[in-house]
Every structure is written in C-alpha cells, then in structure tokens.
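Shown next: target.csv, containing CSV, C-alpha atoms.
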chain,number,residue,atom,x,y,z
A,1,MET,CA,-21.1,-24.5,-13.0
A,2,ASN,CA,-21.0,-21.6,-15.5
A,3,HIS,CA,-17.3,-20.7,-15.9
A,4,ASN,CA,-17.9,-17.1,-16.8
A,5,THR,CA,-19.7,-16.0,-13.7
A,6,PRO,CA,-20.1,-17.8,-10.3
A,7,VAL,CA,-23.3,-19.3,-9.1
A,8,SER,CA,-24.6,-16.6,-6.8
A,9,PRO,CA,-27.5,-15.5,-4.7
A,10,ARG,CA,-26.3,-11.9,-5.3
A,11,PRO,CA,-26.5,-10.4,-8.8
A,12,LEU,CA,-23.5,-9.0,-10.6
A,13,SER,CA,-25.3,-6.6,-12.9
A,14,HIS,CA,-23.9,-3.6,-11.2
A,15,LEU,CA,-20.3,-4.6,-12.0
A,16,SER,CA,-18.5,-3.8,-15.3
A,17,ASP,CA,-17.6,-6.7,-17.6
A,18,ALA,CA,-14.0,-6.8,-16.4
A,19,GLN,CA,-15.2,-6.7,-12.7
A,20,ARG,CA,-17.4,-9.7,-13.4
A,21,ARG,CA,-14.5,-11.6,-14.9
A,22,VAL,CA,-12.1,-10.7,-12.0
A,23,LEU,CA,-13.2,-11.3,-8.4
A,24,SER,CA,-11.5,-11.7,-5.1
A,25,ALA,CA,-12.0,-14.7,-2.8
A,26,ALA,CA,-14.1,-12.5,-0.5
A,27,GLN,CA,-16.3,-11.4,-3.4
A,28,LEU,CA,-16.7,-15.0,-4.6
A,29,ARG,CA,-17.7,-16.1,-1.1
A,30,ALA,CA,-20.3,-13.3,-0.9
A,31,HIS,CA,-21.7,-14.6,-4.2
A,32,GLY,CA,-22.1,-18.1,-2.8
A,33,VAL,CA,-18.9,-19.7,-4.1
A,34,SER,CA,-16.9,-21.6,-1.4
A,35,ALA,CA,-13.1,-21.8,-1.3
A,36,ALA,CA,-13.3,-25.4,-2.3
A,37,GLN,CA,-15.4,-24.6,-5.3
A,38,THR,CA,-13.0,-21.9,-6.3
A,39,ALA,CA,-10.0,-24.2,-6.0
A,40,ALA,CA,-11.8,-26.8,-8.1
A,41,GLN,CA,-12.5,-24.3,-10.8
A,42,CYS,CA,-8.8,-23.3,-10.8
A,43,ARG,CA,-7.3,-26.8,-11.3
A,44,PRO,CA,-5.1,-27.3,-14.4
A,45,GLY,CA,-7.3,-27.1,-17.4
A,46,GLY,CA,-10.1,-25.7,-15.4
A,47,PRO,CA,-12.3,-22.7,-16.5
A,48,TRP,CA,-10.8,-20.2,-13.9
A,49,GLN,CA,-7.3,-19.2,-12.9
A,50,GLN,CA,-5.7,-17.4,-10.0
A,51,ILE,CA,-3.9,-14.3,-11.2
A,52,LEU,CA,-2.8,-13.0,-7.9
A,53,PRO,CA,-3.1,-14.2,-4.3
A,54,GLY,CA,-6.8,-14.2,-3.4
A,55,VAL,CA,-7.7,-12.8,-6.9
A,56,PHE,CA,-9.2,-14.9,-9.7
A,57,VAL,CA,-9.9,-14.5,-13.4
A,58,LEU,CA,-13.2,-16.3,-14.3
A,59,HIS,CA,-12.1,-17.6,-17.7
A,60,PRO,CA,-9.2,-19.6,-19.2
A,61,GLY,CA,-6.6,-17.9,-21.4
A,62,PRO,CA,-4.6,-14.8,-20.9
A,63,PRO,CA,-6.2,-11.9,-19.0
A,64,THR,CA,-6.8,-8.7,-20.8
A,65,SER,CA,-5.1,-5.5,-19.8
A,66,GLU,CA,-8.2,-4.2,-18.1
A,67,GLU,CA,-8.5,-7.5,-16.1
A,68,ARG,CA,-4.9,-7.2,-15.0
A,69,LEU,CA,-5.6,-3.6,-13.7
A,70,HIS,CA,-8.7,-4.8,-11.8
A,71,ALA,CA,-6.7,-7.7,-10.4
A,72,ALA,CA,-3.8,-5.5,-9.2
A,73,LEU,CA,-6.3,-3.1,-7.5
A,74,LEU,CA,-8.2,-5.9,-5.8
A,75,TYR,CA,-5.0,-7.5,-4.6
A,76,ALA,CA,-3.5,-4.3,-3.3
A,77,GLY,CA,-6.8,-2.8,-1.9
A,78,ARG,CA,-8.3,-5.9,-0.3
A,79,PRO,CA,-11.6,-4.0,-0.2
A,80,THR,CA,-14.5,-5.4,1.8
A,81,VAL,CA,-17.4,-6.6,-0.4
A,82,GLU,CA,-19.5,-3.7,0.9
A,83,ARG,CA,-17.1,-1.2,-0.6
A,84,VAL,CA,-17.3,-2.7,-4.1
A,85,VAL,CA,-19.8,-0.3,-5.5
A,86,PRO,CA,-20.6,0.5,-9.1
A,87,ALA,CA,-18.7,3.4,-10.6
A,88,GLN,CA,-21.8,5.2,-11.7
A,89,VAL,CA,-23.0,5.6,-8.1
A,90,ARG,CA,-19.7,6.4,-6.5
A,91,GLY,CA,-19.1,9.9,-5.3
A,92,GLU,CA,-16.3,11.9,-6.8
A,93,GLY,CA,-14.7,12.4,-3.5
A,94,GLU,CA,-14.5,8.7,-2.6
A,95,ALA,CA,-11.3,6.8,-2.9
A,96,GLY,CA,-12.9,4.3,-5.2
A,97,SER,CA,-14.3,0.7,-5.0
A,98,TYR,CA,-11.0,-0.9,-4.3
A,99,GLY,CA,-10.1,0.6,-1.0
A,100,ASP,CA,-7.4,3.1,-0.5
A,101,VAL,CA,-5.2,2.3,-3.5
A,102,VAL,CA,-4.4,4.1,-6.7
A,103,VAL,CA,-2.9,3.0,-10.1
A,104,THR,CA,0.4,4.9,-10.8
A,105,GLY,CA,3.5,4.7,-13.0
A,106,LEU,CA,3.5,3.7,-16.6
A,107,ALA,CA,0.0,2.0,-16.2
A,108,ALA,CA,-1.5,5.3,-15.0
A,109,LEU,CA,0.2,7.2,-17.9
A,110,ALA,CA,-1.2,4.7,-20.4
A,111,LEU,CA,-4.7,5.4,-18.8
A,112,HIS,CA,-4.0,9.1,-19.2
A,113,ARG,CA,-3.5,8.3,-22.9
A,114,PHE,CA,0.2,9.0,-23.2
A,115,SER,CA,1.4,7.9,-26.6
A,116,SER,CA,5.0,7.6,-25.2
A,117,ALA,CA,3.9,5.1,-22.5
A,118,PRO,CA,4.0,1.4,-23.4
A,119,PRO,CA,0.6,-0.3,-24.0
A,120,LEU,CA,-1.0,-1.7,-20.9
A,121,LEU,CA,-0.8,-5.3,-22.1
A,122,SER,CA,2.9,-5.0,-22.6
A,123,LEU,CA,3.7,-4.0,-19.0
A,124,ASP,CA,5.1,-6.7,-16.8
A,125,ARG,CA,4.2,-4.8,-13.6
A,126,ILE,CA,1.3,-2.5,-12.7
A,127,ASP,CA,2.4,0.0,-10.1
A,128,VAL,CA,-0.2,0.6,-7.3
A,129,LEU,CA,0.1,3.2,-4.5
A,130,VAL,CA,-0.8,1.8,-1.1
A,131,PRO,CA,-0.7,3.1,2.4
A,132,ARG,CA,2.6,2.8,4.1
A,133,THR,CA,1.2,0.5,6.7
A,134,ARG,CA,-0.1,-2.1,4.2
A,135,ARG,CA,1.7,-5.4,4.9
A,136,LEU,CA,1.2,-7.0,1.4
A,137,ARG,CA,4.2,-7.5,-0.8
A,138,SER,CA,4.6,-7.0,-4.5
A,139,THR,CA,4.0,-10.1,-6.5
A,140,GLY,CA,3.1,-11.2,-10.0
A,141,CYS,CA,1.8,-8.2,-12.1
A,142,ALA,CA,1.2,-6.0,-9.0
A,143,ARG,CA,4.1,-3.8,-7.8
A,144,LEU,CA,3.2,-2.0,-4.6
A,145,VAL,CA,4.5,1.5,-3.9
A,146,ARG,CA,4.1,2.6,-0.3
A,147,VAL,CA,3.3,6.2,0.5
A,148,HIS,CA,2.6,8.3,3.6
A,149,ALA,CA,-0.3,10.2,1.9
A,150,MET,CA,-2.3,9.4,-1.2
A,151,PRO,CA,-2.4,12.0,-4.0
A,152,GLN,CA,-5.6,13.4,-5.2
A,153,VAL,CA,-7.3,10.6,-7.1
A,154,GLN,CA,-8.6,10.9,-10.7
A,155,HIS,CA,-11.0,8.4,-12.0
A,156,ILE,CA,-10.6,7.0,-15.5
A,157,GLY,CA,-13.0,4.3,-16.7
A,158,GLY,CA,-14.0,3.8,-13.1
A,159,LEU,CA,-10.4,3.1,-12.0
A,160,PRO,CA,-8.6,5.2,-9.3
A,161,VAL,CA,-5.6,6.8,-11.1
A,162,ALA,CA,-2.8,9.0,-9.9
A,163,PRO,CA,-2.4,12.5,-11.4
A,164,VAL,CA,0.1,12.8,-14.2
A,165,ALA,CA,2.9,14.4,-12.3
A,166,ARG,CA,2.8,11.7,-9.6
A,167,ALA,CA,2.5,8.9,-12.1
A,168,LEU,CA,5.5,10.3,-14.0
A,169,ALA,CA,7.7,10.3,-10.9
A,170,ASP,CA,6.7,6.7,-10.1
A,171,ALA,CA,7.4,5.7,-13.7
A,172,VAL,CA,10.8,7.5,-13.9
A,173,ALA,CA,11.8,5.8,-10.6
A,174,HIS,CA,12.0,2.5,-12.5
A,175,LEU,CA,13.3,3.7,-15.9
A,176,THR,CA,17.0,3.8,-16.8
A,177,ASP,CA,16.5,4.7,-20.5
A,178,ALA,CA,17.2,8.4,-20.8
A,179,ASP,CA,15.3,8.7,-24.1
A,180,ALA,CA,12.2,7.1,-22.6
A,181,VAL,CA,12.3,9.5,-19.6
A,182,ARG,CA,12.7,12.5,-21.9
A,183,ARG,CA,9.8,11.5,-24.1
A,184,LEU,CA,7.5,11.0,-21.1
A,185,LEU,CA,8.4,14.4,-19.5
A,186,THR,CA,8.1,16.2,-22.8
A,187,GLU,CA,4.7,14.7,-23.6
A,188,ALA,CA,3.5,15.8,-20.2
A,189,VAL,CA,4.1,19.4,-21.0
A,190,ARG,CA,3.5,19.4,-24.8
A,191,GLY,CA,0.1,17.6,-24.2
A,192,SER,CA,-0.9,20.2,-21.5
A,193,HIS,CA,-1.2,17.4,-18.9
A,194,CYS,CA,0.6,19.5,-16.2
A,195,GLU,CA,3.1,22.3,-15.7
A,196,PRO,CA,6.9,21.6,-15.6
A,197,SER,CA,7.2,23.0,-12.1
A,198,THR,CA,4.7,20.4,-10.9
A,199,VAL,CA,6.6,17.6,-12.5
A,200,VAL,CA,9.9,18.8,-11.0
A,201,LYS,CA,8.4,19.1,-7.6
A,202,GLU,CA,7.3,15.4,-7.7
A,203,LEU,CA,10.7,14.3,-9.0
A,204,THR,CA,12.3,16.2,-6.2
A,205,LEU,CA,10.1,14.7,-3.6
A,206,ALA,CA,10.9,11.2,-5.0
A,207,ARG,CA,14.7,12.1,-4.8
A,208,LEU,CA,15.2,11.4,-8.4
A,209,LEU,CA,17.1,14.6,-9.4
A,210,SER,CA,20.4,13.0,-8.4
A,211,ARG,CA,20.3,10.7,-11.4
A,212,PRO,CA,22.1,12.2,-14.4
A,213,HIS,CA,19.7,10.9,-17.0
A,214,VAL,CA,16.8,12.4,-15.1
A,215,ILE,CA,18.5,15.8,-14.7
A,216,ASP,CA,19.1,15.9,-18.5
A,217,ALA,CA,15.5,15.1,-19.1
A,218,VAL,CA,14.4,17.8,-16.7
A,219,ASP,CA,16.5,20.4,-18.5
A,220,SER,CA,14.7,19.4,-21.8
A,221,LEU,CA,11.4,19.5,-19.9
A,222,LEU,CA,12.0,23.0,-18.7
A,223,ALA,CA,13.1,24.1,-22.2
A,224,GLU,CA,10.0,22.5,-23.7
A,225,GLY,CA,7.8,24.1,-21.0
A,226,ARG,CA,9.2,27.6,-21.7
A,227,ALA,CA,8.8,27.2,-25.5
A,228,VAL,CA,5.1,26.2,-25.0
A,229,ALA,CA,4.6,29.1,-22.6
A,230,GLU,CA,6.2,31.5,-25.1
A,231,ASP,CA,3.9,30.3,-27.9
A,232,ARG,CA,0.9,31.0,-25.6
A,233,LEU,CA,2.3,34.4,-24.8
A,234,TYR,CA,2.5,35.3,-28.6
A,235,ALA,CA,-1.0,34.0,-29.0
A,236,MET,CA,-2.3,36.1,-26.1
A,237,VAL,CA,-0.9,39.3,-27.6
A,238,ARG,CA,-2.2,38.4,-31.1
A,239,ASP,CA,-5.6,37.1,-30.2
A,240,HIS,CA,-6.5,39.7,-27.6
A,241,GLY,CA,-5.6,42.7,-29.7
A,242,LEU,CA,-2.7,44.0,-27.5
A,243,PRO,CA,-0.3,46.5,-29.2
A,244,ASP,CA,2.7,45.1,-30.9
A,245,PRO,CA,5.5,44.9,-28.4
A,246,LEU,CA,9.3,44.3,-28.5
A,247,TRP,CA,10.0,40.6,-27.8
A,248,ASN,CA,12.8,39.1,-25.7
A,249,VAL,CA,14.9,42.2,-25.0
A,250,ASP,CA,17.5,43.3,-22.5
A,251,LEU,CA,17.1,46.6,-20.6
A,252,ARG,CA,19.9,48.7,-19.3
A,253,LEU,CA,20.5,52.3,-18.1
A,254,PRO,CA,22.4,54.5,-20.6
A,255,GLY,CA,26.0,54.0,-19.9
A,256,GLY,CA,25.0,52.2,-16.7
A,257,PRO,CA,24.3,48.7,-15.4
A,258,HIS,CA,22.3,45.9,-17.0
A,259,LEU,CA,18.8,45.8,-15.6
A,260,GLY,CA,17.8,42.4,-16.9
A,261,GLY,CA,15.9,40.7,-19.7
A,262,VAL,CA,12.2,40.6,-20.2
A,263,ASP,CA,10.0,38.6,-22.5
A,264,ILE,CA,7.8,41.5,-23.7
A,265,TYR,CA,8.4,45.3,-23.5
A,266,TRP,CA,6.2,48.2,-24.6
A,267,PRO,CA,8.7,51.1,-24.5
A,268,ASP,CA,6.0,53.9,-25.0
A,269,GLN,CA,4.0,52.7,-22.0
A,270,ALA,CA,7.1,51.3,-20.0
A,271,VAL,CA,5.3,48.0,-19.4
A,272,ALA,CA,7.2,44.7,-19.3
A,273,VAL,CA,5.9,41.1,-19.1
A,274,GLU,CA,8.1,38.4,-17.7
A,275,LEU,CA,7.3,34.7,-17.8
A,276,ASP,CA,7.8,33.1,-14.4
A,277,THR,CA,9.1,29.6,-15.4
A,278,ARG,CA,11.0,28.9,-12.2
A,279,ALA,CA,11.0,25.3,-11.2
A,280,PRO,CA,11.0,24.2,-7.5
A,281,ARG,CA,14.6,23.2,-7.2
A,282,GLN,CA,17.0,23.7,-4.4
A,283,ASP,CA,18.0,27.1,-5.6
A,284,GLU,CA,14.4,28.4,-5.8
A,285,ASP,CA,14.9,30.9,-2.9
A,286,ALA,CA,18.0,32.4,-4.6
A,287,LEU,CA,16.3,32.6,-8.0
A,288,TRP,CA,13.2,34.2,-6.6
A,289,SER,CA,15.3,36.8,-4.8
A,290,GLU,CA,16.9,37.6,-8.2
A,291,TYR,CA,13.4,37.9,-9.8
A,292,ALA,CA,12.3,40.2,-6.9
A,293,ARG,CA,15.4,42.4,-7.0
A,294,LYS,CA,15.0,42.9,-10.8
A,295,ARG,CA,11.3,43.7,-10.5
A,296,GLU,CA,11.9,46.2,-7.7
A,297,HIS,CA,14.7,47.9,-9.6
A,298,LEU,CA,12.6,48.2,-12.8
A,299,GLU,CA,9.6,49.5,-10.9
A,300,ARG,CA,11.7,52.2,-9.1
A,301,LEU,CA,12.6,53.4,-12.6
A,302,GLY,CA,8.9,53.7,-13.4
A,303,ILE,CA,8.6,50.4,-15.4
A,304,THR,CA,5.6,48.3,-14.7
A,305,VAL,CA,6.4,44.5,-14.6
A,306,VAL,CA,3.7,42.0,-15.1
A,307,HIS,CA,4.6,38.4,-14.0
A,308,ILE,CA,2.7,35.6,-15.8
A,309,THR,CA,3.0,31.9,-15.0
A,310,PRO,CA,2.6,29.2,-17.7
A,311,LYS,CA,-0.3,27.8,-15.7
A,312,LYS,CA,-2.2,31.1,-15.8
A,313,LEU,CA,-1.5,31.4,-19.6
A,314,ARG,CA,-3.0,27.9,-20.0
A,315,GLU,CA,-6.0,28.3,-17.7
A,316,ALA,CA,-6.8,32.0,-17.6
A,317,VAL,CA,-5.3,33.6,-20.7
A,318,GLU,CA,-8.2,36.1,-21.1
A,319,GLN,CA,-7.7,37.3,-17.5
A,320,GLN,CA,-3.9,37.7,-18.1
A,321,ALA,CA,-4.6,39.7,-21.3
A,322,THR,CA,-6.8,42.0,-19.2
A,323,VAL,CA,-4.1,42.5,-16.6
A,324,VAL,CA,-1.6,43.5,-19.3
A,325,ARG,CA,-4.1,45.8,-21.1
A,326,THR,CA,-4.9,47.5,-17.8
A,327,ALA,CA,-1.2,48.2,-17.1
A,328,LEU,CA,-0.8,49.6,-20.6
A,329,MET,CA,-3.9,51.9,-20.2
A,330,ALA,CA,-2.7,53.1,-16.7
A,331,SER,CA,0.7,54.2,-18.1
A,332,SER,CA,-0.6,57.7,-18.9
A,333,ASP,CA,-1.5,58.2,-15.2
A,334,ARG,CA,2.0,57.4,-13.9
A,335,GLU,CA,5.1,59.6,-13.6
A,336,PRO,CA,7.3,59.5,-16.8
A,337,PRO,CA,9.7,56.5,-16.5
A,338,ALA,CA,13.5,56.8,-16.6
A,339,TYR,CA,15.0,56.4,-20.0
A,340,VAL,CA,16.4,52.9,-20.6
A,341,VAL,CA,18.3,51.4,-23.5
A,342,VAL,CA,16.5,48.4,-25.1
A,343,LEU,CA,18.7,45.7,-26.7
A,344,PRO,CA,17.9,42.4,-28.4
A,345,ARG,CA,18.4,39.5,-26.1
Go ahead and express the file in the form of structure tokens.
Amino acid sequence: MNHNTPVSPRPLSHLSDAQRRVLSAAQLRAHGVSAAQTAAQCRPGGPWQQILPGVFVLHPGPPTSEERLHAALLYAGRPTVERVVPAQVRGEGEAGSYGDVVVTGLAALALHRFSSAPPLLSLDRIDVLVPRTRRLRSTGCARLVRVHAMPQVQHIGGLPVAPVARALADAVAHLTDADAVRRLLTEAVRGSHCEPSTVVKELTLARLLSRPHVIDAVDSLLAEGRAVAEDRLYAMVRDHGLPDPLWNVDLRLPGGPHLGGVDIYWPDQAVAVELDTRAPRQDEDALWSEYARKREHLERLGITVVHITPKKLREAVEQQATVVRTALMASSDREPPAYVVVLPR
C-alpha cells in the first residue's frame, strides 16, 4: 500500500496537499481504507501515525504546522465526508469544510501574519472554537474553546479563522506574560487589523479586564490607538487641503468656565473636530454623557463640533474630510459664535 495516500476508489485531487496527508477515519473509510488497514499502517515503525483520536497523518516523521492545523480542525469539527469540499468551490458564507469550527487564539493570529505571535510549529496547542454542545474534549495539540455563537469566519488559505479581535481575546485568556499581551494588542492596532474599541469589547466579553496585566496592556492599546488616529487626522488635514487649524487646544469662556478640549479648532470658522476614542468599558454611558454635554454646550455657543471615529478615519477618510470642509464652508451662513479663549492643551 502506498503510504502517502490511501488506496481509494475516490480521487483525492480536489484536496490540498496537507488535506491529502491528514485524513479522518471517516474519510479513509470513504476512500476504501478499512479500520483494520488503518491500524496496520499506524503500527510502530509504520508509514502512518495517529495524531489525534480519529485523525491520521499519512506519513512518518513530525507533522508540519499546516498538517497540525488540519488535524485539529478535523478532530474538533468531525465533518461528514460530504462536507469536505475543496476551498475553491466553497461559498464565502459557508462555515468551511470542517464543520462548525474555527481556528482562534495564537494560531489564528499567526495565520493573520502577526509578527508578535509565535510560529505555528512552536505552538503546543491549537485553539479551536466549537459549539457549546460539542462533547469532545481537548486533547493532544487541539484545545477546544466552547462558545454559544460563532464569530464571523474569515478564510485564510482555505482554513476557517476567527477575526483578529476574537483571536486576541482567546490568546490573552491563556497568556500571563504582560509583555507578550502588550505586543499582541499593540500590533493589532498599529497593523490596522482592528480598532481598539473592538478589542476591548472582546476582552470585556471574555471577562479578562479584571486581570492587572491585561488592564495595563489595554491602557497601552488605547494610547497606541489614539496616537495612530491622531496621525491619520494630521494626514487628513494635510492631504485634503484643509486650512491650517489649531491642534489640541482647550476652550473656555472669558473669565468663565472651562468648556473642554478639542483635537482641532478653526477659530475663524468656529469649527472643532474631536476624535471619539471611547472604548466599550463599564463607564461608557457616563463618558458618552460627558461627550454629549460638552458638544451641546459648544454648539449652543455657535461652535460646530465634528465627531470622527478612528474607524472612519481608516476606512473613509475622504468622506470625513468632506464633512469637515462642508462645516467650514457653512460657517459664513451661521450666526456669529460667542467669543471663546483658546489655550494650548
């Protein structure tokens, strides 16, 4: 018997190389290989090996990182043979060829090409999201993470992979190294993988914000996210020909109360821009109320306030520049604003 592929009445040409080298017991049976033949091939010194319960690598020697990924998904998903379809004919909306399972954690971050994630081959465990009702247990290289609802799946190299924010939360859940957590969170923002608010939301849902090293990393994440957003704000003003504004200033009434700080202010047009970098934490309602009160107070004084989120700056900067330009042009049609004192922040 050829030890690289099973003797089979069904062709394997639709499978990737790794999929041909890693098959489940059900797939082997469908390709004409009995349980007894499989057991014989997996004897000590034999050409095959069992990597996980019911999952076999069809060659001797250590499995590759890609083979370990396929094996973990086959074990966790337990897909029927009919569901194992080639990636090139699978619809975007389908869960994938492995059943309702998704790679997450550090393995997913490595697939998302995070330089701060360990190489796939160095990972002892591959985290896989599975439905809460799945009765399988974690074993070998497969660590199962039970969830009530699956996240929106992304496909990388034909593998179902969790989005970055969810993968980060699952990775952080098993990390105690504060520096490692900080590097991962920082790369997520600096590499434009996702917004800080999305990461914090996932960490909150995973109940990880009670851990001191995670809180410290989140503070660094939010600072990094704001710095990146400020850089994009500078670029928006420069690249879209907006008038030179005053940057990072405090506004107050003459001899009166402090009105609050804004990121950009055009005093001649009485237009302010404020970056909305709130994160979804427990004090979100109170923080939003403070934002709203400041905005209402400024607008009563005749100052137009444009709120811009980091996500809009990243995905629709031209549209945001148009919004600001429109506010500047409309200033001549408004009532003269109240006089305010502008101070450096």
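Here the question is which of A:Val161, A:Leu221, A:Leu343, A:Ala235 gets nearest to Asn248 of chain A using all atoms listed in the file, and that residue is A:Leu343.
Of the residues listed (A:Arg166, A:Arg314, A:His148, A:Arg238), A:Arg166 shows the shortest atom-to-atom separation from Thr204 of chain A; distances use only C-alpha atoms.
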Can you measure atom CA of Leu259 of chain A to atom CA of Ala227 of chain A for me? One decimal in Å is fine. 23.3 Å
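Proximity ranking of A:Gly261, A:Pro196, A:Pro336, A:Gly99 relative to Arg134 of chain A places A:Gly99 first, based on all atoms listed in the file.
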So what do you get for atom CA of Gly140 of chain A versus atom CA of Arg125 of chain A, distance-wise? 7.4 Å
Using all atoms listed in the file, which of A:Ala165, A:Leu136, A:Ala36, A:Val128 sits nearest Thr198 of chain A? A:Ala165
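Pairwise distance (atom CA of Asp216 of chain A, atom CA of Leu106 of chain A) equals 19.9 Å.
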Excluding Gln154 of chain A and its own-chain neighbours fewer than 4 positions away, which residues fall within 9 Å of it when counting all atoms listed in the file? Please give them as an MDAnalysis selection string. chainID A and resid 92 102 159:163
Would you list the contacts of Leu111 of chain A as a ChimeraX atom specification, taking every protein, DNA or RNA residue within 9 Å and counting all atoms listed in the file, but skipping same-chain residues closer than 3 positions in sequence? /A:106-108,114,120,156-157,161
For segment 60-62 of chain A: contacts at 9 Å, only C-alpha atoms, fewer than 6 positions along chain excluded, given as a PyMOL selection string: chain A and resi 3+45-49
Identify, on the basis of all atoms listed in the file, every residue whose closest approach to segment 71-74 of chain A does not exceed 7 Å; exclude the query and any residue fewer than 2 positions from it along the same chain; express the result as a PyMOL selection string. chain A and resi 22+24+55+67-69+76-79+98+101+126+141-142
Should you be able to, write segment 191-203 of chain A of this structure into a file that contains N, CA, C and O atoms, as a JSON list (two decimals), in the first residue's frame.
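What follows is the written file decode.json:
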[["chain", "number", "residue", "atom", "x", "y", "z"],
["A", 191, "GLY", "N", -0.92, 47.64, 13.17],
["A", 191, "GLY", "CA", -1.02, 46.98, 11.87],
["A", 191, "GLY", "C", -2.36, 47.15, 11.20],
["A", 191, "GLY", "O", -2.61, 46.51, 10.17],
["A", 192, "SER", "N", -3.23, 47.97, 11.78],
["A", 192, "SER", "CA", -4.57, 48.26, 11.22],
["A", 192, "SER", "C", -5.41, 46.99, 11.06],
["A", 192, "SER", "O", -6.23, 46.89, 10.17],
["A", 193, "HIS", "N", -5.22, 46.04, 11.96],
["A", 193, "HIS", "CA", -6.04, 44.83, 11.92],
["A", 193, "HIS", "C", -7.45, 45.10, 12.46],
["A", 193, "HIS", "O", -8.42, 44.54, 11.97],
["A", 194, "CYS", "N", -7.56, 45.93, 13.48],
["A", 194, "CYS", "CA", -8.87, 46.24, 14.06],
["A", 194, "CYS", "C", -8.73, 47.47, 14.96],
["A", 194, "CYS", "O", -7.63, 47.90, 15.29],
["A", 195, "GLU", "N", -9.89, 48.01, 15.36],
["A", 195, "GLU", "CA", -9.91, 49.19, 16.21],
["A", 195, "GLU", "C", -9.76, 48.80, 17.68],
["A", 195, "GLU", "O", -10.20, 47.72, 18.09],
["A", 196, "PRO", "N", -9.16, 49.68, 18.50],
["A", 196, "PRO", "CA", -9.03, 49.38, 19.93],
["A", 196, "PRO", "C", -10.37, 49.06, 20.60],
["A", 196, "PRO", "O", -10.45, 48.16, 21.44],
["A", 197, "SER", "N", -11.42, 49.78, 20.22],
["A", 197, "SER", "CA", -12.72, 49.55, 20.85],
["A", 197, "SER", "C", -13.22, 48.13, 20.61],
["A", 197, "SER", "O", -13.84, 47.52, 21.48],
["A", 198, "THR", "N", -12.93, 47.59, 19.42],
["A", 198, "THR", "CA", -13.36, 46.23, 19.11],
["A", 198, "THR", "C", -12.61, 45.22, 19.97],
["A", 198, "THR", "O", -13.19, 44.24, 20.46],
["A", 199, "VAL", "N", -11.31, 45.46, 20.16],
["A", 199, "VAL", "CA", -10.51, 44.57, 21.01],
["A", 199, "VAL", "C", -11.01, 44.61, 22.44],
["A", 199, "VAL", "O", -11.20, 43.57, 23.09],
["A", 200, "VAL", "N", -11.24, 45.82, 22.96],
["A", 200, "VAL", "CA", -11.67, 45.96, 24.36],
["A", 200, "VAL", "C", -13.04, 45.30, 24.55],
["A", 200, "VAL", "O", -13.30, 44.68, 25.59],
["A", 201, "LYS", "N", -13.90, 45.41, 23.56],
["A", 201, "LYS", "CA", -15.21, 44.76, 23.65],
["A", 201, "LYS", "C", -15.06, 43.25, 23.80],
["A", 201, "LYS", "O", -15.71, 42.63, 24.65],
["A", 202, "GLU", "N", -14.18, 42.64, 23.00],
["A", 202, "GLU", "CA", -13.98, 41.20, 23.08],
["A", 202, "GLU", "C", -13.34, 40.80, 24.41],
["A", 202, "GLU", "O", -13.71, 39.78, 25.01],
["A", 203, "LEU", "N", -12.38, 41.60, 24.89],
["A", 203, "LEU", "CA", -11.76, 41.32, 26.19],
["A", 203, "LEU", "C", -12.78, 41.43, 27.32],
["A", 203, "LEU", "O", -12.73, 40.68, 28.30]]
